[in-house]
Structures are given as structure tokens and as C-alpha cells.
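Here is the file input.cif (mmCIF, C-alpha atoms).
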```cif
data_model
#
loop_
_atom_site.group_PDB
_atom_site.id
_atom_site.type_symbol
_atom_site.label_atom_id
_atom_site.label_comp_id
_atom_site.auth_asym_id
_atom_site.auth_seq_id
_atom_site.Cartn_x
_atom_site.Cartn_y
_atom_site.Cartn_z
ATOM 1 C CA MET K 1 177.198 137.108 96.307
ATOM 2 C CA SER K 2 179.447 134.473 97.849
ATOM 3 C CA ASP K 3 178.862 130.749 97.544
ATOM 4 C CA PRO K 4 176.888 129.637 100.625
ATOM 5 C CA SER K 5 179.086 126.606 101.093
ATOM 6 C CA GLY K 6 182.247 127.057 99.096
ATOM 7 C CA THR K 7 185.306 125.283 100.408
ATOM 8 C CA GLN K 8 188.940 126.245 100.093
ATOM 9 C CA ASN K 9 189.450 124.159 96.954
ATOM 10 C CA GLY K 10 186.343 125.613 95.315
ATOM 11 C CA SER K 11 184.167 122.510 95.656
ATOM 12 C CA THR K 12 180.597 122.792 96.884
ATOM 13 C CA PRO K 13 177.859 120.361 97.956
ATOM 14 C CA PHE K 14 175.283 122.470 96.072
ATOM 15 C CA LEU K 15 174.008 122.395 92.511
ATOM 16 C CA GLU K 16 173.485 125.964 91.253
ATOM 17 C CA ILE K 17 170.467 126.235 88.954
ATOM 18 C CA ASP K 18 169.402 129.463 87.283
ATOM 19 C CA ARG K 19 165.743 130.418 87.202
ATOM 20 C CA ALA K 20 165.109 129.370 83.587
ATOM 21 C CA GLU K 21 166.632 125.923 84.140
ATOM 22 C CA TRP K 22 164.726 125.521 87.399
ATOM 23 C CA ALA K 23 161.396 126.482 85.803
ATOM 24 C CA ALA K 24 161.940 123.871 83.087
ATOM 25 C CA LEU K 25 162.151 121.052 85.654
ATOM 26 C CA ALA K 26 158.382 120.922 86.216
ATOM 27 C CA PRO K 27 156.855 122.286 83.012
ATOM 28 C CA SER K 28 153.674 120.209 83.193
ATOM 29 C CA THR K 29 152.840 120.850 86.858
ATOM 30 C CA PRO K 30 149.743 123.093 86.835
ATOM 31 C CA LEU K 31 149.469 126.339 88.778
ATOM 32 C CA PRO K 32 146.771 125.487 91.347
ATOM 33 C CA PHE K 33 145.485 128.992 92.100
ATOM 34 C CA GLY K 34 145.157 132.475 90.667
ATOM 35 C CA ALA K 35 146.377 136.020 91.204
ATOM 36 C CA GLY K 36 143.846 136.733 93.972
ATOM 37 C CA GLU K 37 145.202 133.975 96.206
ATOM 38 C CA ILE K 38 148.773 135.049 95.502
ATOM 39 C CA GLU K 39 147.883 138.591 96.566
ATOM 40 C CA ARG K 40 146.562 137.209 99.855
ATOM 41 C CA MET K 41 149.796 135.306 100.557
ATOM 42 C CA ARG K 42 152.195 138.037 99.471
ATOM 43 C CA GLY K 43 154.052 139.825 102.251
ATOM 44 C CA LEU K 44 154.459 143.595 102.524
ATOM 45 C CA GLY K 45 156.981 144.704 99.904
ATOM 46 C CA ASP K 46 157.177 141.341 98.119
ATOM 47 C CA THR K 47 156.887 141.319 94.327
ATOM 48 C CA LEU K 48 155.464 137.800 94.137
ATOM 49 C CA ASP K 49 153.374 137.241 91.004
ATOM 50 C CA LEU K 50 152.019 134.386 88.900
ATOM 51 C CA ALA K 51 155.269 134.050 86.943
ATOM 52 C CA GLU K 52 157.329 133.750 90.122
ATOM 53 C CA VAL K 53 154.992 131.121 91.535
ATOM 54 C CA ALA K 54 154.954 129.113 88.300
ATOM 55 C CA GLU K 55 158.688 129.319 87.633
ATOM 56 C CA VAL K 56 160.101 128.994 91.168
ATOM 57 C CA TYR K 57 157.630 127.704 93.720
ATOM 58 C CA VAL K 58 155.648 125.163 91.698
ATOM 59 C CA PRO K 59 158.877 123.280 90.800
ATOM 60 C CA LEU K 60 159.929 123.564 94.457
ATOM 61 C CA SER K 61 156.636 122.034 95.587
ATOM 62 C CA ARG K 62 157.165 119.192 93.117
ATOM 63 C CA LEU K 63 160.667 118.592 94.473
ATOM 64 C CA LEU K 64 159.362 118.596 98.049
ATOM 65 C CA ASN K 65 156.643 116.159 97.004
ATOM 66 C CA LEU K 66 159.394 113.794 95.823
ATOM 67 C CA TYR K 67 161.230 114.160 99.132
ATOM 68 C CA VAL K 68 158.033 113.476 101.078
ATOM 69 C CA ALA K 69 157.349 110.363 98.986
ATOM 70 C CA GLY K 70 160.894 109.158 99.589
ATOM 71 C CA ALA K 71 160.594 109.708 103.336
ATOM 72 C CA LEU K 72 157.271 107.859 103.431
ATOM 73 C CA SER K 73 158.750 104.920 101.552
ATOM 74 C CA THR K 74 161.825 104.760 103.770
ATOM 75 C CA GLY K 75 159.774 105.133 106.936
ATOM 76 C CA SER K 76 157.399 102.383 105.896
ATOM 77 C CA ALA K 77 160.276 100.005 105.131
ATOM 78 C CA VAL K 78 161.990 100.736 108.464
ATOM 79 C CA ARG K 79 158.773 100.283 110.472
ATOM 80 C CA GLU K 80 158.130 96.986 108.686
ATOM 81 C CA PHE K 81 161.670 95.898 109.541
ATOM 82 C CA LEU K 82 161.125 96.832 113.194
ATOM 83 C CA GLY K 83 157.673 95.282 113.326
ATOM 84 C CA GLN K 84 156.057 98.607 114.224
ATOM 85 C CA PRO K 85 152.617 99.959 113.233
ATOM 86 C CA ALA K 86 152.500 101.593 109.810
ATOM 87 C CA ARG K 87 151.845 105.147 111.028
ATOM 88 C CA PRO K 88 153.909 107.747 109.100
ATOM 89 C CA THR K 89 155.440 110.666 110.963
ATOM 90 C CA PRO K 90 155.002 114.240 109.717
ATOM 91 C CA PHE K 91 157.540 115.550 107.209
ATOM 92 C CA VAL K 92 159.023 118.717 108.739
ATOM 93 C CA ILE K 93 160.350 121.609 106.647
ATOM 94 C CA GLY K 94 162.352 124.502 108.092
ATOM 95 C CA VAL K 95 162.319 127.910 106.360
ATOM 96 C CA ALA K 96 164.971 130.420 107.456
ATOM 97 C CA GLY K 97 166.271 133.823 106.387
ATOM 98 C CA SER K 98 166.564 137.445 107.426
ATOM 99 C CA VAL K 99 163.883 139.856 108.494
ATOM 100 C CA ALA K 100 162.286 141.399 105.351
ATOM 101 C CA VAL K 101 163.745 138.830 102.925
ATOM 102 C CA GLY K 102 160.370 137.176 102.248
ATOM 103 C CA LYS K 103 160.648 133.893 104.161
ATOM 104 C CA SER K 104 157.114 134.240 105.571
ATOM 105 C CA THR K 105 155.694 134.572 102.071
ATOM 106 C CA THR K 106 157.707 131.527 100.993
ATOM 107 C CA ALA K 107 156.362 129.503 103.915
ATOM 108 C CA ARG K 108 152.730 130.523 103.301
ATOM 109 C CA LEU K 109 153.026 129.772 99.611
ATOM 110 C CA LEU K 110 154.548 126.352 100.202
ATOM 111 C CA ARG K 111 151.769 125.508 102.642
ATOM 112 C CA GLU K 112 149.186 126.211 99.943
ATOM 113 C CA LEU K 113 151.086 124.424 97.171
ATOM 114 C CA LEU K 114 151.933 121.304 99.172
ATOM 115 C CA SER K 115 148.348 120.948 100.400
ATOM 116 C CA ARG K 116 147.254 120.590 96.751
ATOM 117 C CA TRP K 117 149.326 117.419 96.285
ATOM 118 C CA PRO K 118 147.167 114.305 96.899
ATOM 119 C CA ASP K 119 149.596 112.658 99.340
ATOM 120 C CA THR K 120 150.035 115.768 101.534
ATOM 121 C CA PRO K 121 146.566 117.302 101.955
ATOM 122 C CA SER K 122 147.226 118.348 105.572
ATOM 123 C CA VAL K 123 149.949 121.002 105.846
ATOM 124 C CA GLU K 124 150.457 123.159 108.944
ATOM 125 C CA LEU K 125 152.592 126.282 109.300
ATOM 126 C CA VAL K 126 154.039 127.511 112.582
ATOM 127 C CA THR K 127 156.321 130.532 112.983
ATOM 128 C CA THR K 128 158.942 130.687 115.692
ATOM 129 C CA ASP K 129 157.756 134.190 116.671
ATOM 130 C CA GLY K 130 155.350 132.488 119.077
ATOM 131 C CA PHE K 131 158.330 130.988 120.879
ATOM 132 C CA LEU K 132 159.888 134.370 121.613
ATOM 133 C CA LEU K 133 160.057 135.044 125.315
ATOM 134 C CA PRO K 134 157.265 137.438 126.387
ATOM 135 C CA ASN K 135 158.250 141.100 126.466
ATOM 136 C CA ALA K 136 158.090 141.174 130.273
ATOM 137 C CA GLU K 137 160.622 138.354 130.465
ATOM 138 C CA LEU K 138 162.822 139.908 127.765
ATOM 139 C CA ALA K 139 162.798 143.177 129.709
ATOM 140 C CA ARG K 140 163.660 141.348 132.942
ATOM 141 C CA ARG K 141 166.653 139.752 131.219
ATOM 142 C CA GLY K 142 167.700 142.965 129.473
ATOM 143 C CA LEU K 143 167.020 141.457 126.033
ATOM 144 C CA MET K 144 164.448 143.810 124.479
ATOM 145 C CA GLU K 145 167.134 145.196 122.172
ATOM 146 C CA ARG K 146 168.119 141.609 121.301
ATOM 147 C CA LYS K 147 164.681 140.494 120.196
ATOM 148 C CA GLY K 148 165.097 137.986 117.369
ATOM 149 C CA PHE K 149 168.560 136.904 118.506
ATOM 150 C CA PRO K 150 168.795 133.214 119.487
ATOM 151 C CA GLU K 151 168.810 133.988 123.214
ATOM 152 C CA SER K 152 165.446 135.783 122.972
ATOM 153 C CA TYR K 153 163.583 132.526 122.218
ATOM 154 C CA ASP K 154 162.321 129.768 124.469
ATOM 155 C CA ARG K 155 164.388 127.234 122.536
ATOM 156 C CA ARG K 156 163.493 124.394 124.859
ATOM 157 C CA ALA K 157 159.764 124.922 124.224
ATOM 158 C CA LEU K 158 160.323 125.087 120.457
ATOM 159 C CA LEU K 159 162.358 121.893 120.504
ATOM 160 C CA LYS K 160 159.686 120.175 122.598
ATOM 161 C CA PHE K 161 156.946 121.287 120.208
ATOM 162 C CA VAL K 162 158.675 120.010 117.056
ATOM 163 C CA SER K 163 159.749 116.804 118.829
ATOM 164 C CA GLU K 164 156.150 116.052 119.805
ATOM 165 C CA VAL K 165 154.873 116.732 116.280
ATOM 166 C CA LYS K 166 157.636 114.603 114.803
ATOM 167 C CA SER K 167 156.837 111.782 117.232
ATOM 168 C CA GLY K 168 153.262 111.632 115.916
ATOM 169 C CA ALA K 169 151.495 113.111 118.955
ATOM 170 C CA ALA K 170 147.755 113.438 118.336
ATOM 171 C CA GLU K 171 147.624 117.126 119.250
ATOM 172 C CA VAL K 172 150.397 119.670 119.894
ATOM 173 C CA ARG K 173 149.976 123.358 120.739
ATOM 174 C CA ALA K 174 152.202 126.273 119.719
ATOM 175 C CA PRO K 175 151.984 129.796 121.186
ATOM 176 C CA VAL K 176 150.785 132.702 119.039
ATOM 177 C CA TYR K 177 152.602 136.004 118.483
ATOM 178 C CA SER K 178 150.957 139.331 117.604
ATOM 179 C CA HIS K 179 152.951 141.688 115.405
ATOM 180 C CA LEU K 180 150.466 144.417 116.282
ATOM 181 C CA VAL K 181 151.255 144.403 120.007
ATOM 182 C CA TYR K 182 154.774 142.992 119.424
ATOM 183 C CA ASP K 183 154.345 140.268 122.016
ATOM 184 C CA VAL K 184 153.227 136.696 122.614
ATOM 185 C CA VAL K 185 149.440 136.495 123.081
ATOM 186 C CA PRO K 186 148.612 134.948 126.486
ATOM 187 C CA ASP K 187 146.495 131.777 126.422
ATOM 188 C CA GLU K 188 146.253 131.683 122.601
ATOM 189 C CA HIS K 189 147.612 128.727 120.641
ATOM 190 C CA VAL K 190 147.851 127.120 117.246
ATOM 191 C CA VAL K 191 146.800 123.460 117.456
ATOM 192 C CA VAL K 192 148.634 120.989 115.213
ATOM 193 C CA ARG K 193 147.001 117.595 114.728
ATOM 194 C CA ARG K 194 149.221 115.032 112.974
ATOM 195 C CA PRO K 195 149.745 116.904 109.697
ATOM 196 C CA ASP K 196 151.301 115.299 106.656
ATOM 197 C CA VAL K 197 153.727 118.226 106.543
ATOM 198 C CA LEU K 198 154.720 120.793 109.157
ATOM 199 C CA ILE K 199 156.485 123.981 108.016
ATOM 200 C CA VAL K 200 158.463 125.812 110.709
ATOM 201 C CA GLU K 201 159.437 129.333 109.674
ATOM 202 C CA GLY K 202 161.790 131.639 111.547
ATOM 203 C CA LEU K 203 165.038 133.561 111.693
ATOM 204 C CA ASN K 204 167.102 131.040 113.583
ATOM 205 C CA VAL K 205 165.589 127.646 112.770
ATOM 206 C CA LEU K 206 168.835 126.420 111.176
ATOM 207 C CA GLN K 207 170.987 127.146 114.217
ATOM 208 C CA PRO K 208 173.399 124.264 114.893
ATOM 209 C CA PRO K 209 173.108 122.347 118.158
ATOM 210 C CA ALA K 210 175.128 123.273 121.201
ATOM 211 C CA SER K 211 177.806 120.765 122.071
ATOM 212 C CA GLY K 212 176.229 117.411 122.880
ATOM 213 C CA ARG K 213 172.654 118.705 122.601
ATOM 214 C CA LEU K 214 169.756 118.329 120.205
ATOM 215 C CA ALA K 215 168.741 121.345 118.097
ATOM 216 C CA VAL K 216 165.403 121.927 116.395
ATOM 217 C CA SER K 217 167.248 121.830 113.048
ATOM 218 C CA ASP K 218 168.099 118.183 113.772
ATOM 219 C CA LEU K 219 164.401 117.349 113.457
ATOM 220 C CA PHE K 220 163.884 118.817 109.988
ATOM 221 C CA ASP K 221 163.559 116.597 106.917
ATOM 222 C CA PHE K 222 164.228 119.462 104.500
ATOM 223 C CA THR K 223 165.393 123.041 105.005
ATOM 224 C CA ILE K 224 165.141 126.202 102.896
ATOM 225 C CA TYR K 225 167.132 129.406 103.286
ATOM 226 C CA VAL K 226 165.786 132.542 101.582
ATOM 227 C CA ASP K 227 168.824 134.588 100.594
ATOM 228 C CA ALA K 228 169.690 138.018 99.193
ATOM 229 C CA ARG K 229 172.453 140.593 99.384
ATOM 230 C CA THR K 230 172.581 142.289 102.774
ATOM 231 C CA ASN K 231 172.302 145.758 101.229
ATOM 232 C CA ASP K 232 169.144 144.735 99.379
ATOM 233 C CA ILE K 233 167.584 143.271 102.530
ATOM 234 C CA GLU K 234 168.321 146.471 104.445
ATOM 235 C CA ARG K 235 166.650 148.521 101.686
ATOM 236 C CA TRP K 236 163.605 146.204 101.742
ATOM 237 C CA TYR K 237 163.428 146.530 105.522
ATOM 238 C CA VAL K 238 163.413 150.343 105.349
ATOM 239 C CA GLU K 239 160.777 150.310 102.584
ATOM 240 C CA ARG K 240 158.607 147.935 104.627
ATOM 241 C CA PHE K 241 158.989 150.127 107.720
ATOM 242 C CA LEU K 242 157.711 153.126 105.725
ATOM 243 C CA ARG K 243 154.695 151.145 104.480
ATOM 244 C CA LEU K 244 153.908 150.006 108.015
ATOM 245 C CA GLN K 245 154.300 153.546 109.311
ATOM 246 C CA ARG K 246 151.619 154.691 106.880
ATOM 247 C CA GLY K 247 149.439 151.676 107.701
ATOM 248 C CA ALA K 248 149.561 149.397 110.757
ATOM 249 C CA PHE K 249 151.477 151.867 112.951
ATOM 250 C CA ALA K 250 148.515 154.262 112.741
ATOM 251 C CA ASP K 251 146.508 151.850 114.912
ATOM 252 C CA PRO K 252 146.640 153.204 118.495
ATOM 253 C CA SER K 253 146.983 149.633 119.814
ATOM 254 C CA SER K 254 150.138 149.069 117.756
ATOM 255 C CA TYR K 255 153.360 148.731 119.740
ATOM 256 C CA PHE K 256 154.953 151.000 117.132
ATOM 257 C CA HIS K 257 152.210 153.655 117.173
ATOM 258 C CA ARG K 258 154.770 156.159 118.486
ATOM 259 C CA TYR K 259 156.405 156.102 115.036
ATOM 260 C CA ALA K 260 153.192 156.965 113.141
ATOM 261 C CA ALA K 261 153.691 160.724 113.343
ATOM 262 C CA LEU K 262 157.324 160.738 112.186
ATOM 263 C CA SER K 263 158.230 162.548 109.005
ATOM 264 C CA GLU K 264 159.488 160.327 106.179
ATOM 265 C CA GLU K 265 163.054 161.440 106.874
ATOM 266 C CA GLN K 266 162.677 160.626 110.577
ATOM 267 C CA ALA K 267 161.063 157.282 109.790
ATOM 268 C CA VAL K 268 163.911 156.301 107.461
ATOM 269 C CA ALA K 269 166.428 157.265 110.138
ATOM 270 C CA GLN K 270 164.561 155.206 112.752
ATOM 271 C CA ALA K 271 164.300 152.177 110.457
ATOM 272 C CA ARG K 272 168.021 152.336 109.743
ATOM 273 C CA ARG K 273 168.789 152.624 113.460
ATOM 274 C CA ILE K 274 166.755 149.483 114.184
ATOM 275 C CA TRP K 275 168.449 147.697 111.298
ATOM 276 C CA ASN K 276 171.958 148.753 112.310
ATOM 277 C CA ASP K 277 171.423 148.012 116.017
ATOM 278 C CA ILE K 278 169.349 144.818 115.867
ATOM 279 C CA ASN K 279 168.397 143.198 112.567
ATOM 280 C CA GLY K 280 171.643 143.736 110.677
ATOM 281 C CA PRO K 281 173.909 142.387 113.447
ATOM 282 C CA ASN K 282 171.559 139.432 114.021
ATOM 283 C CA LEU K 283 171.663 138.604 110.310
ATOM 284 C CA LEU K 284 175.452 138.721 110.132
ATOM 285 C CA GLN K 285 176.151 137.024 113.458
ATOM 286 C CA ASN K 286 173.432 134.376 113.650
ATOM 287 C CA VAL K 287 171.220 133.978 110.575
ATOM 288 C CA LEU K 288 173.577 134.187 107.595
ATOM 289 C CA PRO K 289 176.100 131.695 109.046
ATOM 290 C CA THR K 290 173.357 129.022 108.941
ATOM 291 C CA ARG K 291 172.802 129.379 105.183
ATOM 292 C CA ALA K 292 175.247 126.610 104.288
ATOM 293 C CA ARG K 293 173.280 124.172 106.471
ATOM 294 C CA ALA K 294 170.177 124.426 104.252
ATOM 295 C CA SER K 295 168.992 121.741 101.850
ATOM 296 C CA LEU K 296 168.061 124.439 99.358
ATOM 297 C CA VAL K 297 168.801 128.158 98.991
ATOM 298 C CA LEU K 298 166.470 130.547 97.168
ATOM 299 C CA ARG K 299 168.702 133.416 96.053
ATOM 300 C CA LYS K 300 166.894 136.692 95.336
ATOM 301 C CA GLY K 301 167.993 139.600 93.198
ATOM 302 C CA ALA K 302 167.610 143.300 93.938
ATOM 303 C CA ASP K 303 164.047 143.209 92.560
ATOM 304 C CA HIS K 304 162.988 140.719 95.285
ATOM 305 C CA ALA K 305 162.530 137.959 92.672
ATOM 306 C CA VAL K 306 164.311 134.605 92.924
ATOM 307 C CA SER K 307 167.117 134.448 90.363
ATOM 308 C CA THR K 308 168.960 131.260 91.351
ATOM 309 C CA VAL K 309 168.266 128.057 93.255
ATOM 310 C CA LEU K 310 171.022 126.167 95.052
ATOM 311 C CA LEU K 311 170.130 122.558 95.835
ATOM 312 C CA ARG K 312 172.222 120.321 98.045
ATOM 313 C CA LYS K 313 173.513 117.381 96.033
ATOM 314 C CA VAL K 314 171.996 113.988 96.837
#
```

Show me this structure written as C-alpha cells.
Amino acid sequence: MSDPSGTQNGSTPFLEIDRAEWAALAPSTPLPFGAGEIERMRGLGDTLDLAEVAEVYVPLSRLLNLYVAGALSTGSAVREFLGQPARPTPFVIGVAGSVAVGKSTTARLLRELLSRWPDTPSVELVTTDGFLLPNAELARRGLMERKGFPESYDRRALLKFVSEVKSGAAEVRAPVYSHLVYDVVPDEHVVVRRPDVLIVEGLNVLQPPASGRLAVSDLFDFTIYVDARTNDIERWYVERFLRLQRGAFADPSSYFHRYAALSEEQAVAQARRIWNDINGPNLLQNVLPTRARASLVLRKGADHAVSTVLLRKV
């Protein structure tokens, strides 16, 4: 796998840390929950277990705790300098990566871990799926086959949402997306009320700004990219599609119910068509190029387990 930020002379702004070295960085930090809670947070097809949480995500939560403490200290000093009220602003974390790579599991797990630290008891998680344009609007614009590409999102609404949270607004609402009906749910919202930490998870959250404009990535205090080889991600996507076909797709209200009766061979062919037409091109054209912009990269092996951590040098 290529270096996410290698330059022509071979230098890189990242420290590369293998899993054993990474696990040793927080040996005394206790695991705050058991296998049952991990099972609840694990995404379809993920191999997350107690060892992975203890060796990868507990040290990551400790590192993020240090970053939060640093931001609080800096913010307090700046507000004192400006003569402003001592009200801290939420620390915002962006989590990016491909479809089927496990970024949703990472985000859910970090929400639980960070909420166990005494200085960040309030942690909210919002996915950018809710900021997809409704299917009717995507169809009107001819974008149904581009769902998940940057142009399929209401980027202005997402930027406004994160800006309001970051500004310390008392209450901010985010739209809700249903994977069952494959659409934004009308008149349903997630309400965010001045959290200590906000995690924003989505495919394209690390997109750079357009010329002269503000991007949502500009508002993040720390960013994580969940990485793996493209061939492995494609295989995980196909495997997940087959599991969904035998499970959620059987629900008559599912948008993908039409795939429930496919043979396994037909289902594999359909999953590969969707990957080759939509998810694969979006990964290569839009998601993967943002990897080098992350503060930290979690690099997964073929077994879906994190093997290496790349941390931007401070």
C-alpha cells in the first residue's frame, strides 16, 4: 500500500507506528466495556473484538483525550486574552473512508470510548448520510447513480450544521437517513446540544474547500481516515451485500427488496456492478485522494483488523 502522503524525495509528515508499538503507548488505560457492547457497535462484516479495541482504539481515545485537553487549554488562554466568556467550543472529529471499510464502526466506538473520559462525558455522533439530497431531488438532477459522490450532498446544509455546533449554539438539528428505505427521513432530526465532542462520519468529510470557500473539513479539530487496499474493500463490500441480501433485504419495505430473491451468483454479480459503477469510482476519484489530509490514518489488513497507524507529526 502506498504512503498516504509521500513526497518526491521520500519525506512524509506522518509517523508510521505498527500495531504492537501503538498498543504499548497506553498500556495502563483500562478497557471500559465488554464483549457484549463491542458486538452492539460492530458493523456488518467487521471483525472487531476485545483485542482490537484494547490495542488500537483505547490508545486512540487516549490520544484524542490529549488533543481535546490541549484545545481546551489553548481556547481558554485565547478567550482570556480577548476578554471573552470562558465557554469552550465543541471539539470536532471527522471520520472518513470508503463504503464497507468500517468507518461507521470506528465512529461509534470512539463515541463510546471518549464519553468515558471525565472531561468529555458528552459525545455526539452525526453521519453525513442525513445530508444526502432526498431521492426525489437526486432523481430530478439525474444523480441517483452518483449517490455518495460529493455532488449528491447538501454541502451547504452540512457546513451550516457543523459551523453552528462549532460556534457553541445551544441546539442544532441534523437530518436523519434511513438505510432501510435508502432515503432521508422527512421531519426527523438528531438534536445536538453543546457536546464536548462531536464526531462527523462520512465518505467525503475530508474534501478540500473549493477555491476561496470554506469546507466542512476546515472546521475539524482532528481527522481520521480508515484505510485498506481497494481490492480488500471491494471484497468486504460484496460480502456485506450478501449478508444484507439474506437479512435486511428480505424486509418488503427495504429499498433493496428486489435483490432478496437473487441467487448467490446473481447477488455477487449485482454487488460487483454497484461497486464498479458507483462505489469504486467514488473511492478512487473522491475519497482516497483525501487520505493525506487526515490527522491520523488507521490502515487495515486483509482480515479487516488495523495493522498500522499513521499519525501526522506535531

One decimal, Å: what's the distance from atom CA of Ala169 of chain K over to atom CA of Arg193 of chain K, could you say?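 Between atom CA of Ala169 of chain K and atom CA of Arg193 of chain K the gap works out to 7.6 Å.
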
Let me have the centre and edge lengths of the axis-aligned box enclosing all listed atoms of segment 41-60 of chain K with 3 Å padding on every side, in Å to one decimal, as AutoDock Vina command-line options.
```
--center_x 154.9 --center_y 134.0 --center_z 94.7 --size_x 16.3 --size_y 27.4 --size_z 21.6
```

I want to know what sits within 12 Å of Ala269 of chain K, based on all atoms listed in the file, with residues of the same chain fewer than 3 positions away left out; could you give that as a PyMOL selection string? chain K and resi 238-239+241-242+259+262-266+272-276

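Against this structure, the PyMOL selection byres ((chain K and resi 173) around 9) ends up with Phe161, Glu171, Val172, Ala174, Pro175, His189, Val190, Val191, Val192 and Arg193 of chain K.
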
Name the residues captured by the PyMOL selection byres ((chain K and resi 129-135) around 8) when it is applied to the shown file; answer as a ChimeraX atom specification. /K:127-128,136-139,144,147-148,152-155,157-158,174-177,183-184,202
